[in-house]
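Asks: Handing over my_file_34.cif, mmCIF, N, CA and C atoms.
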```
data_structure
#
loop_
_atom_site.label_atom_id
_atom_site.label_comp_id
_atom_site.auth_asym_id
_atom_site.auth_seq_id
_atom_site.Cartn_x
_atom_site.Cartn_y
_atom_site.Cartn_z
N PHE A 1 -210.05 2.87 -173.38
CA PHE A 1 -208.95 1.96 -173.47
C PHE A 1 -208.86 1.12 -172.20
N PHE A 2 -208.58 -0.14 -172.37
CA PHE A 2 -208.41 -1.01 -171.22
C PHE A 2 -206.99 -1.53 -171.19
N PHE A 3 -206.36 -1.40 -170.05
CA PHE A 3 -204.99 -1.85 -169.87
C PHE A 3 -204.94 -2.78 -168.67
N LEU A 4 -204.07 -3.75 -168.73
CA LEU A 4 -203.86 -4.69 -167.65
C LEU A 4 -202.69 -4.20 -166.82
N MET A 5 -202.93 -4.03 -165.51
CA MET A 5 -201.86 -3.58 -164.63
C MET A 5 -201.04 -4.78 -164.20
N ILE A 6 -199.73 -4.67 -164.35
CA ILE A 6 -198.82 -5.75 -164.03
C ILE A 6 -198.11 -5.40 -162.74
N ARG A 7 -198.17 -6.28 -161.78
CA ARG A 7 -197.51 -6.04 -160.50
C ARG A 7 -196.03 -6.35 -160.60
N ARG A 8 -195.26 -5.63 -159.82
CA ARG A 8 -193.82 -5.81 -159.79
C ARG A 8 -193.50 -7.19 -159.22
N PRO A 9 -192.61 -7.95 -159.86
CA PRO A 9 -192.22 -9.25 -159.31
C PRO A 9 -191.53 -9.07 -157.97
N PRO A 10 -191.67 -10.04 -157.07
CA PRO A 10 -191.04 -9.90 -155.74
C PRO A 10 -189.53 -9.82 -155.86
N ARG A 11 -188.97 -8.94 -155.05
CA ARG A 11 -187.51 -8.78 -155.05
C ARG A 11 -186.90 -9.81 -154.11
N SER A 12 -185.64 -10.08 -154.32
CA SER A 12 -184.97 -11.06 -153.47
C SER A 12 -184.87 -10.50 -152.05
N THR A 13 -184.88 -11.37 -151.10
CA THR A 13 -184.85 -10.96 -149.69
C THR A 13 -183.43 -10.84 -149.17
N GLN A 14 -182.43 -11.07 -150.01
CA GLN A 14 -181.05 -10.98 -149.57
C GLN A 14 -180.69 -9.51 -149.37
N SER A 15 -180.03 -9.22 -148.27
CA SER A 15 -179.61 -7.85 -148.01
C SER A 15 -178.17 -7.67 -148.45
N ARG A 16 -177.84 -6.43 -148.77
CA ARG A 16 -176.48 -6.14 -149.19
C ARG A 16 -175.57 -6.12 -147.97
N SER A 17 -174.31 -6.42 -148.21
CA SER A 17 -173.34 -6.31 -147.12
C SER A 17 -173.13 -4.83 -146.83
N SER A 18 -172.62 -4.50 -145.67
CA SER A 18 -172.46 -3.10 -145.29
C SER A 18 -171.46 -2.38 -146.19
N ALA A 19 -170.39 -3.06 -146.62
CA ALA A 19 -169.40 -2.42 -147.50
C ALA A 19 -170.02 -2.13 -148.86
N ALA A 20 -170.76 -3.08 -149.39
CA ALA A 20 -171.41 -2.87 -150.68
C ALA A 20 -172.48 -1.79 -150.56
N SER A 21 -173.14 -1.74 -149.42
CA SER A 21 -174.16 -0.72 -149.19
C SER A 21 -173.53 0.66 -149.16
N ASP A 22 -172.36 0.80 -148.53
CA ASP A 22 -171.67 2.09 -148.47
C ASP A 22 -171.27 2.56 -149.88
N VAL A 23 -170.76 1.64 -150.69
CA VAL A 23 -170.38 1.97 -152.05
C VAL A 23 -171.61 2.42 -152.84
N TYR A 24 -172.70 1.69 -152.69
CA TYR A 24 -173.94 2.04 -153.38
C TYR A 24 -174.41 3.44 -152.97
N LYS A 25 -174.35 3.77 -151.68
CA LYS A 25 -174.79 5.08 -151.20
C LYS A 25 -173.92 6.19 -151.78
N ARG A 26 -172.59 5.97 -151.84
CA ARG A 26 -171.70 6.99 -152.40
C ARG A 26 -171.98 7.20 -153.88
N GLN A 27 -172.18 6.10 -154.63
CA GLN A 27 -172.48 6.22 -156.05
C GLN A 27 -173.81 6.93 -156.26
N ASN A 28 -174.80 6.59 -155.46
CA ASN A 28 -176.11 7.20 -155.57
C ASN A 28 -176.04 8.70 -155.26
N LYS A 29 -175.24 9.09 -154.27
CA LYS A 29 -175.07 10.51 -153.92
C LYS A 29 -174.42 11.26 -155.08
N TYR A 30 -173.42 10.66 -155.71
CA TYR A 30 -172.75 11.28 -156.85
C TYR A 30 -173.71 11.46 -158.01
N ILE A 31 -174.52 10.45 -158.28
CA ILE A 31 -175.49 10.53 -159.37
C ILE A 31 -176.51 11.63 -159.09
N GLN A 32 -176.99 11.73 -157.85
CA GLN A 32 -177.96 12.75 -157.49
C GLN A 32 -177.36 14.14 -157.68
N MET A 33 -176.08 14.32 -157.30
CA MET A 33 -175.44 15.63 -157.45
C MET A 33 -175.29 16.00 -158.92
N SER A 34 -174.94 15.04 -159.77
CA SER A 34 -174.76 15.33 -161.19
C SER A 34 -176.10 15.57 -161.88
N ARG A 35 -177.17 14.95 -161.40
CA ARG A 35 -178.48 15.13 -162.01
C ARG A 35 -179.08 16.50 -161.72
N GLN A 36 -178.67 17.11 -160.64
CA GLN A 36 -179.21 18.42 -160.29
C GLN A 36 -178.79 19.48 -161.30
N LYS A 37 -177.70 19.28 -162.00
CA LYS A 37 -177.19 20.26 -162.94
C LYS A 37 -177.80 20.13 -164.33
N ILE A 38 -178.49 19.03 -164.60
CA ILE A 38 -179.04 18.77 -165.92
C ILE A 38 -180.42 19.41 -166.05
N ARG A 39 -180.64 20.12 -167.15
CA ARG A 39 -181.95 20.71 -167.42
C ARG A 39 -182.60 19.90 -168.54
N LEU A 40 -183.78 19.35 -168.26
CA LEU A 40 -184.45 18.47 -169.22
C LEU A 40 -185.47 19.24 -170.03
N PRO A 41 -185.74 18.78 -171.27
CA PRO A 41 -186.79 19.41 -172.07
C PRO A 41 -188.16 19.23 -171.42
N PRO A 42 -189.13 20.08 -171.75
CA PRO A 42 -190.44 20.01 -171.07
C PRO A 42 -191.23 18.74 -171.35
N GLU A 43 -190.97 18.06 -172.48
CA GLU A 43 -191.76 16.86 -172.79
C GLU A 43 -191.29 15.63 -172.01
N VAL A 44 -190.15 15.71 -171.35
CA VAL A 44 -189.64 14.57 -170.58
C VAL A 44 -190.57 14.32 -169.41
N ASN A 45 -190.91 13.05 -169.21
CA ASN A 45 -191.93 12.66 -168.25
C ASN A 45 -191.52 11.35 -167.60
N ARG A 46 -192.05 11.04 -166.41
CA ARG A 46 -191.77 9.76 -165.77
C ARG A 46 -192.52 8.62 -166.45
N ILE A 47 -193.54 8.95 -167.21
CA ILE A 47 -194.38 7.93 -167.86
C ILE A 47 -193.91 7.77 -169.31
N VAL A 48 -193.64 6.52 -169.68
CA VAL A 48 -193.16 6.21 -171.02
C VAL A 48 -194.22 5.40 -171.73
N TYR A 49 -194.51 5.77 -172.98
CA TYR A 49 -195.49 5.07 -173.81
C TYR A 49 -194.73 4.19 -174.80
N VAL A 50 -195.06 2.91 -174.84
CA VAL A 50 -194.35 1.95 -175.68
C VAL A 50 -195.32 1.36 -176.70
N ARG A 51 -194.94 1.37 -177.97
CA ARG A 51 -195.74 0.77 -179.03
C ARG A 51 -194.96 -0.34 -179.70
N ASN A 52 -195.68 -1.17 -180.45
CA ASN A 52 -195.12 -2.25 -181.25
C ASN A 52 -194.51 -3.36 -180.40
N LEU A 53 -195.10 -3.61 -179.23
CA LEU A 53 -194.66 -4.73 -178.41
C LEU A 53 -195.21 -6.04 -178.99
N PRO A 54 -194.48 -7.14 -178.85
CA PRO A 54 -195.05 -8.43 -179.24
C PRO A 54 -196.28 -8.74 -178.37
N TYR A 55 -197.30 -9.32 -178.96
CA TYR A 55 -198.54 -9.59 -178.23
C TYR A 55 -198.34 -10.59 -177.10
N LYS A 56 -197.39 -11.49 -177.25
CA LYS A 56 -197.22 -12.56 -176.26
C LYS A 56 -196.09 -12.27 -175.27
N ILE A 57 -195.71 -11.02 -175.11
CA ILE A 57 -194.64 -10.69 -174.16
C ILE A 57 -195.18 -10.83 -172.74
N THR A 58 -194.35 -11.36 -171.85
CA THR A 58 -194.78 -11.60 -170.47
C THR A 58 -194.39 -10.41 -169.58
N ALA A 59 -194.97 -10.41 -168.38
CA ALA A 59 -194.68 -9.35 -167.42
C ALA A 59 -193.21 -9.38 -167.01
N GLU A 60 -192.67 -10.56 -166.81
CA GLU A 60 -191.27 -10.67 -166.42
C GLU A 60 -190.36 -10.12 -167.51
N GLU A 61 -190.67 -10.39 -168.76
CA GLU A 61 -189.86 -9.87 -169.86
C GLU A 61 -189.92 -8.35 -169.92
N LEU A 62 -191.10 -7.78 -169.69
CA LEU A 62 -191.22 -6.32 -169.67
C LEU A 62 -190.38 -5.73 -168.55
N TYR A 63 -190.45 -6.33 -167.36
CA TYR A 63 -189.64 -5.83 -166.25
C TYR A 63 -188.16 -6.02 -166.51
N ASP A 64 -187.77 -7.09 -167.18
CA ASP A 64 -186.36 -7.30 -167.51
C ASP A 64 -185.87 -6.23 -168.49
N ILE A 65 -186.67 -5.93 -169.50
CA ILE A 65 -186.26 -4.96 -170.53
C ILE A 65 -186.21 -3.55 -169.95
N PHE A 66 -187.28 -3.13 -169.29
CA PHE A 66 -187.37 -1.74 -168.82
C PHE A 66 -186.71 -1.52 -167.47
N GLY A 67 -186.57 -2.58 -166.68
CA GLY A 67 -185.96 -2.45 -165.36
C GLY A 67 -184.47 -2.21 -165.39
N LYS A 68 -183.83 -2.43 -166.53
CA LYS A 68 -182.39 -2.18 -166.65
C LYS A 68 -182.07 -0.70 -166.53
N TYR A 69 -183.04 0.15 -166.76
CA TYR A 69 -182.78 1.59 -166.81
C TYR A 69 -183.27 2.33 -165.57
N GLY A 70 -183.76 1.63 -164.57
CA GLY A 70 -184.17 2.27 -163.33
C GLY A 70 -185.31 1.52 -162.68
N SER A 71 -185.67 1.98 -161.48
CA SER A 71 -186.75 1.29 -160.77
C SER A 71 -188.09 1.69 -161.36
N ILE A 72 -188.95 0.70 -161.49
CA ILE A 72 -190.25 0.88 -162.13
C ILE A 72 -191.34 0.91 -161.07
N ARG A 73 -192.22 1.88 -161.18
CA ARG A 73 -193.35 1.94 -160.25
C ARG A 73 -194.46 1.00 -160.72
N GLN A 74 -194.81 1.06 -162.02
CA GLN A 74 -195.82 0.13 -162.55
C GLN A 74 -195.72 0.07 -164.06
N ILE A 75 -196.27 -1.02 -164.60
CA ILE A 75 -196.39 -1.20 -166.05
C ILE A 75 -197.85 -1.53 -166.34
N ARG A 76 -198.41 -0.84 -167.31
CA ARG A 76 -199.77 -1.15 -167.76
C ARG A 76 -199.70 -1.54 -169.23
N ARG A 77 -200.16 -2.75 -169.50
CA ARG A 77 -200.07 -3.31 -170.84
C ARG A 77 -201.46 -3.37 -171.45
N GLY A 78 -201.60 -3.02 -172.73
CA GLY A 78 -202.88 -3.06 -173.42
C GLY A 78 -203.33 -4.49 -173.65
N VAL A 79 -204.63 -4.77 -173.41
CA VAL A 79 -205.13 -6.13 -173.55
C VAL A 79 -206.26 -6.23 -174.58
N GLN A 80 -206.87 -5.11 -174.97
CA GLN A 80 -207.95 -5.18 -175.95
C GLN A 80 -207.39 -4.97 -177.35
N GLY A 81 -208.22 -5.20 -178.34
CA GLY A 81 -207.79 -5.16 -179.73
C GLY A 81 -207.02 -3.92 -180.14
N GLU A 82 -207.56 -2.74 -179.82
CA GLU A 82 -206.89 -1.52 -180.26
C GLU A 82 -205.71 -1.11 -179.37
N THR A 83 -205.59 -1.70 -178.19
CA THR A 83 -204.48 -1.35 -177.30
C THR A 83 -203.44 -2.46 -177.18
N LYS A 84 -203.66 -3.59 -177.85
CA LYS A 84 -202.67 -4.67 -177.80
C LYS A 84 -201.37 -4.20 -178.42
N GLY A 85 -200.28 -4.63 -177.85
CA GLY A 85 -198.98 -4.26 -178.37
C GLY A 85 -198.49 -2.92 -177.85
N THR A 86 -199.23 -2.32 -176.90
CA THR A 86 -198.80 -1.05 -176.30
C THR A 86 -198.69 -1.22 -174.80
N ALA A 87 -197.97 -0.30 -174.18
CA ALA A 87 -197.83 -0.33 -172.72
C ALA A 87 -197.44 1.06 -172.23
N PHE A 88 -197.76 1.31 -170.98
CA PHE A 88 -197.29 2.49 -170.27
C PHE A 88 -196.37 2.00 -169.17
N VAL A 89 -195.18 2.55 -169.11
CA VAL A 89 -194.21 2.20 -168.08
C VAL A 89 -193.99 3.44 -167.24
N VAL A 90 -194.23 3.33 -165.93
CA VAL A 90 -194.07 4.46 -165.02
C VAL A 90 -192.82 4.21 -164.18
N TYR A 91 -191.84 5.08 -164.34
CA TYR A 91 -190.61 5.00 -163.57
C TYR A 91 -190.73 5.83 -162.30
N ASP A 92 -189.91 5.50 -161.30
CA ASP A 92 -189.87 6.27 -160.07
C ASP A 92 -189.15 7.60 -160.26
N ASP A 93 -188.24 7.66 -161.23
CA ASP A 93 -187.43 8.85 -161.43
C ASP A 93 -187.49 9.28 -162.89
N ILE A 94 -187.52 10.58 -163.11
CA ILE A 94 -187.63 11.12 -164.46
C ILE A 94 -186.36 10.83 -165.28
N PHE A 95 -185.20 10.77 -164.61
CA PHE A 95 -183.95 10.51 -165.32
C PHE A 95 -183.88 9.05 -165.79
N ASP A 96 -184.49 8.14 -165.04
CA ASP A 96 -184.56 6.75 -165.47
C ASP A 96 -185.42 6.63 -166.72
N ALA A 97 -186.52 7.37 -166.75
CA ALA A 97 -187.40 7.36 -167.93
C ALA A 97 -186.66 7.91 -169.15
N LYS A 98 -185.92 8.99 -168.95
CA LYS A 98 -185.15 9.57 -170.05
C LYS A 98 -184.12 8.57 -170.58
N ASN A 99 -183.45 7.90 -169.68
CA ASN A 99 -182.46 6.91 -170.05
C ASN A 99 -183.10 5.77 -170.85
N ALA A 100 -184.28 5.32 -170.43
CA ALA A 100 -184.98 4.24 -171.13
C ALA A 100 -185.39 4.67 -172.53
N VAL A 101 -185.92 5.88 -172.66
CA VAL A 101 -186.33 6.36 -173.98
C VAL A 101 -185.12 6.48 -174.90
N ASP A 102 -184.02 6.98 -174.38
CA ASP A 102 -182.81 7.13 -175.19
C ASP A 102 -182.27 5.80 -175.67
N HIS A 103 -182.34 4.76 -174.83
CA HIS A 103 -181.72 3.49 -175.18
C HIS A 103 -182.65 2.47 -175.83
N LEU A 104 -183.95 2.54 -175.53
CA LEU A 104 -184.85 1.49 -176.01
C LEU A 104 -185.64 1.85 -177.28
N SER A 105 -185.60 3.09 -177.70
CA SER A 105 -186.30 3.44 -178.92
C SER A 105 -185.60 2.77 -180.10
N GLY A 106 -186.30 1.91 -180.81
CA GLY A 106 -185.71 1.14 -181.90
C GLY A 106 -185.13 -0.19 -181.47
N PHE A 107 -185.29 -0.55 -180.21
CA PHE A 107 -184.78 -1.82 -179.68
C PHE A 107 -185.58 -2.98 -180.25
N ASN A 108 -184.91 -4.05 -180.67
CA ASN A 108 -185.56 -5.19 -181.30
C ASN A 108 -185.97 -6.21 -180.23
N VAL A 109 -187.28 -6.49 -180.13
CA VAL A 109 -187.81 -7.49 -179.21
C VAL A 109 -188.63 -8.48 -180.02
N ALA A 110 -188.17 -9.71 -180.09
CA ALA A 110 -188.86 -10.79 -180.80
C ALA A 110 -189.18 -10.38 -182.24
N GLY A 111 -188.21 -9.75 -182.91
CA GLY A 111 -188.39 -9.39 -184.31
C GLY A 111 -189.19 -8.12 -184.53
N ARG A 112 -189.54 -7.40 -183.47
CA ARG A 112 -190.31 -6.15 -183.61
C ARG A 112 -189.49 -5.02 -183.00
N TYR A 113 -189.46 -3.89 -183.68
CA TYR A 113 -188.71 -2.74 -183.20
C TYR A 113 -189.62 -1.85 -182.36
N LEU A 114 -189.23 -1.61 -181.11
CA LEU A 114 -190.06 -0.84 -180.19
C LEU A 114 -190.04 0.64 -180.53
N THR A 115 -191.17 1.28 -180.33
CA THR A 115 -191.27 2.73 -180.39
C THR A 115 -191.51 3.18 -178.96
N VAL A 116 -190.56 3.90 -178.41
CA VAL A 116 -190.64 4.33 -177.01
C VAL A 116 -190.68 5.86 -176.99
N LEU A 117 -191.76 6.40 -176.43
CA LEU A 117 -191.98 7.84 -176.39
C LEU A 117 -192.36 8.28 -174.99
N TYR A 118 -192.20 9.56 -174.71
CA TYR A 118 -192.70 10.11 -173.45
C TYR A 118 -194.22 10.25 -173.58
N TYR A 119 -194.93 9.93 -172.51
CA TYR A 119 -196.39 10.08 -172.51
C TYR A 119 -196.71 11.57 -172.47
N GLN A 120 -197.53 12.00 -173.43
CA GLN A 120 -197.95 13.39 -173.49
C GLN A 120 -199.47 13.43 -173.50
N PRO A 121 -200.07 13.71 -172.34
CA PRO A 121 -201.53 13.65 -172.25
C PRO A 121 -202.25 14.62 -173.18
N THR A 122 -201.64 15.77 -173.47
CA THR A 122 -202.31 16.72 -174.36
C THR A 122 -202.47 16.16 -175.76
N LYS A 123 -201.47 15.45 -176.26
CA LYS A 123 -201.57 14.83 -177.59
C LYS A 123 -202.60 13.71 -177.60
N MET A 124 -202.65 12.93 -176.52
CA MET A 124 -203.62 11.84 -176.43
C MET A 124 -205.05 12.40 -176.43
N LEU A 125 -205.26 13.50 -175.69
CA LEU A 125 -206.59 14.11 -175.65
C LEU A 125 -206.98 14.70 -176.99
N LYS A 126 -206.02 15.28 -177.70
CA LYS A 126 -206.31 15.83 -179.03
C LYS A 126 -206.75 14.72 -179.98
N LYS A 127 -206.11 13.56 -179.91
CA LYS A 127 -206.50 12.45 -180.77
C LYS A 127 -207.91 11.98 -180.45
N ALA A 128 -208.24 11.94 -179.16
CA ALA A 128 -209.59 11.53 -178.76
C ALA A 128 -210.61 12.55 -179.23
N ASP A 129 -210.29 13.85 -179.13
CA ASP A 129 -211.19 14.90 -179.60
C ASP A 129 -211.40 14.82 -181.10
N LEU A 130 -210.34 14.51 -181.85
CA LEU A 130 -210.47 14.39 -183.30
C LEU A 130 -211.41 13.25 -183.67
N GLY A 131 -211.32 12.15 -182.94
CA GLY A 131 -212.22 11.02 -183.21
C GLY A 131 -213.66 11.39 -182.93
N ALA A 132 -213.93 12.12 -181.86
CA ALA A 132 -215.29 12.54 -181.54
C ALA A 132 -215.81 13.53 -182.57
N LYS A 133 -214.97 14.44 -183.01
CA LYS A 133 -215.38 15.42 -184.03
C LYS A 133 -215.67 14.73 -185.36
N GLN A 134 -214.86 13.74 -185.71
CA GLN A 134 -215.09 13.00 -186.96
C GLN A 134 -216.42 12.25 -186.91
N ALA A 135 -216.73 11.65 -185.76
CA ALA A 135 -218.01 10.95 -185.62
C ALA A 135 -219.17 11.93 -185.72
N GLU A 136 -219.01 13.10 -185.15
CA GLU A 136 -220.07 14.12 -185.24
C GLU A 136 -220.26 14.59 -186.68
N LEU A 137 -219.17 14.77 -187.42
CA LEU A 137 -219.27 15.18 -188.82
C LEU A 137 -219.95 14.10 -189.65
N ASP A 138 -219.61 12.85 -189.41
CA ASP A 138 -220.24 11.75 -190.14
C ASP A 138 -221.76 11.71 -189.89
N MET A 139 -222.14 11.95 -188.63
CA MET A 139 -223.56 11.97 -188.29
C MET A 139 -224.28 13.11 -189.00
N LEU A 140 -223.65 14.29 -189.04
CA LEU A 140 -224.26 15.43 -189.74
C LEU A 140 -224.38 15.18 -191.24
N LYS A 141 -223.38 14.53 -191.82
CA LYS A 141 -223.43 14.20 -193.24
C LYS A 141 -224.60 13.27 -193.55
N GLU A 142 -224.83 12.28 -192.65
CA GLU A 142 -225.95 11.35 -192.86
C GLU A 142 -227.28 12.08 -192.78
N LYS A 143 -227.41 13.03 -191.85
CA LYS A 143 -228.66 13.77 -191.71
C LYS A 143 -228.95 14.63 -192.93
N LEU A 144 -227.91 15.27 -193.46
CA LEU A 144 -228.10 16.17 -194.60
C LEU A 144 -228.18 15.44 -195.94
N ALA A 145 -227.71 14.24 -196.02
CA ALA A 145 -227.73 13.52 -197.28
C ALA A 145 -229.02 12.82 -197.56
#
```
Written as structure tokens, that's how I'd like the structure from this file.

Replies:
Amino acid sequence: FFFLMIRRPPRSTQSRSSAASDVYKRQNKYIQMSRQKIRLPPEVNRIVYVRNLPYKITAEELYDIFGKYGSIRQIRRGVQGETKGTAFVVYDDIFDAKNAVDHLSGFNVAGRYLTVLYYQPTKMLKKADLGAKQAELDMLKEKLA
């Protein structure tokens, strides 16, 4: 699979005022304390797999959609035939990824409903193994026929 890595757009250089910064720090501390008490299911991951994206969606639009739910480390968008319309979004925090999956699954973008799932490498590997096994079976059938 080939994916195009999209770089994060530059952030504004404006700094927050000290009062606003203090409020932000207090809110962030409260959020961190409340998150420590939450126990997440094992499939929850920082990496989110997105399907059914419009083919002509831009990097800025992806960052606008997914950036609402937390800071993003990177986005990788599919560019080849079988990976077009898919993307991997890597969040900096696992709770941001959970929030995005909860809110964006079924979200309508340009007339297409997004499928947003947690990335599960074991399932992806199983699918790849099934494809290899099927090719091997087809080859054996040709030899015996």

Asks: Which residue gives the smallest distance to Lys68 (chain A) among A:Ala100, A:Ile94, A:Arg46, A:Gly81, with only C-alpha atoms counted?

Replies: A:Ala100

Asks: What gap, in Å, lies between atom N of Tyr63 (chain A) and CA of Arg39 (chain A)?

Replies: 28.3 Å

Asks: Which residues, named as in the file, does the PyMOL selection byres (((chain A and resi 115 and name CA) around 8) and name CA) pick out? Answer as a list in words.

Replies: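 Applied to this file, the PyMOL selection byres (((chain A and resi 115 and name CA) around 8) and name CA) selects Val50, Arg51, Asn52, Leu104, Ser105, Gly106, Phe107, Tyr113, Leu114, Val116 and Leu117 of chain A.
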
Asks: Enter the distance from CA of Gly67 (chain A) to CA of Glu82 (chain A), in Å, rounded to one decimal.

Replies: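 Between CA of Gly67 (chain A) and CA of Glu82 (chain A) the gap is 25.7 Å.
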
Asks: For the atom pair CA of Phe88 (chain A) and CA of Asn45 (chain A), what is the interatomic distance in Å to one decimal place?

Replies: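 So the answer is 11.7 Å.
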
Asks: Would you kindly return, as a count of residues only, each protein, DNA or RNA residue with an atom no farther than 6 Å from any atom of Tyr119 (chain A), considering only C-alpha atoms and excluding same-chain residues fewer than 4 positions away?

Replies: 3

Asks: Which one is closest to Lys84 (chain A): A:Leu140, A:Leu130, A:Ala97, A:Leu53? Count all atoms listed in the file.

Replies: A:Leu53

Asks: Taking the file as shown, find all residues satisfying the PyMOL selection byres ((chain A and resi 71) around 6) and write them as a PyMOL selection string.

Replies: chain A and resi 67+69-70+72-73+91-93
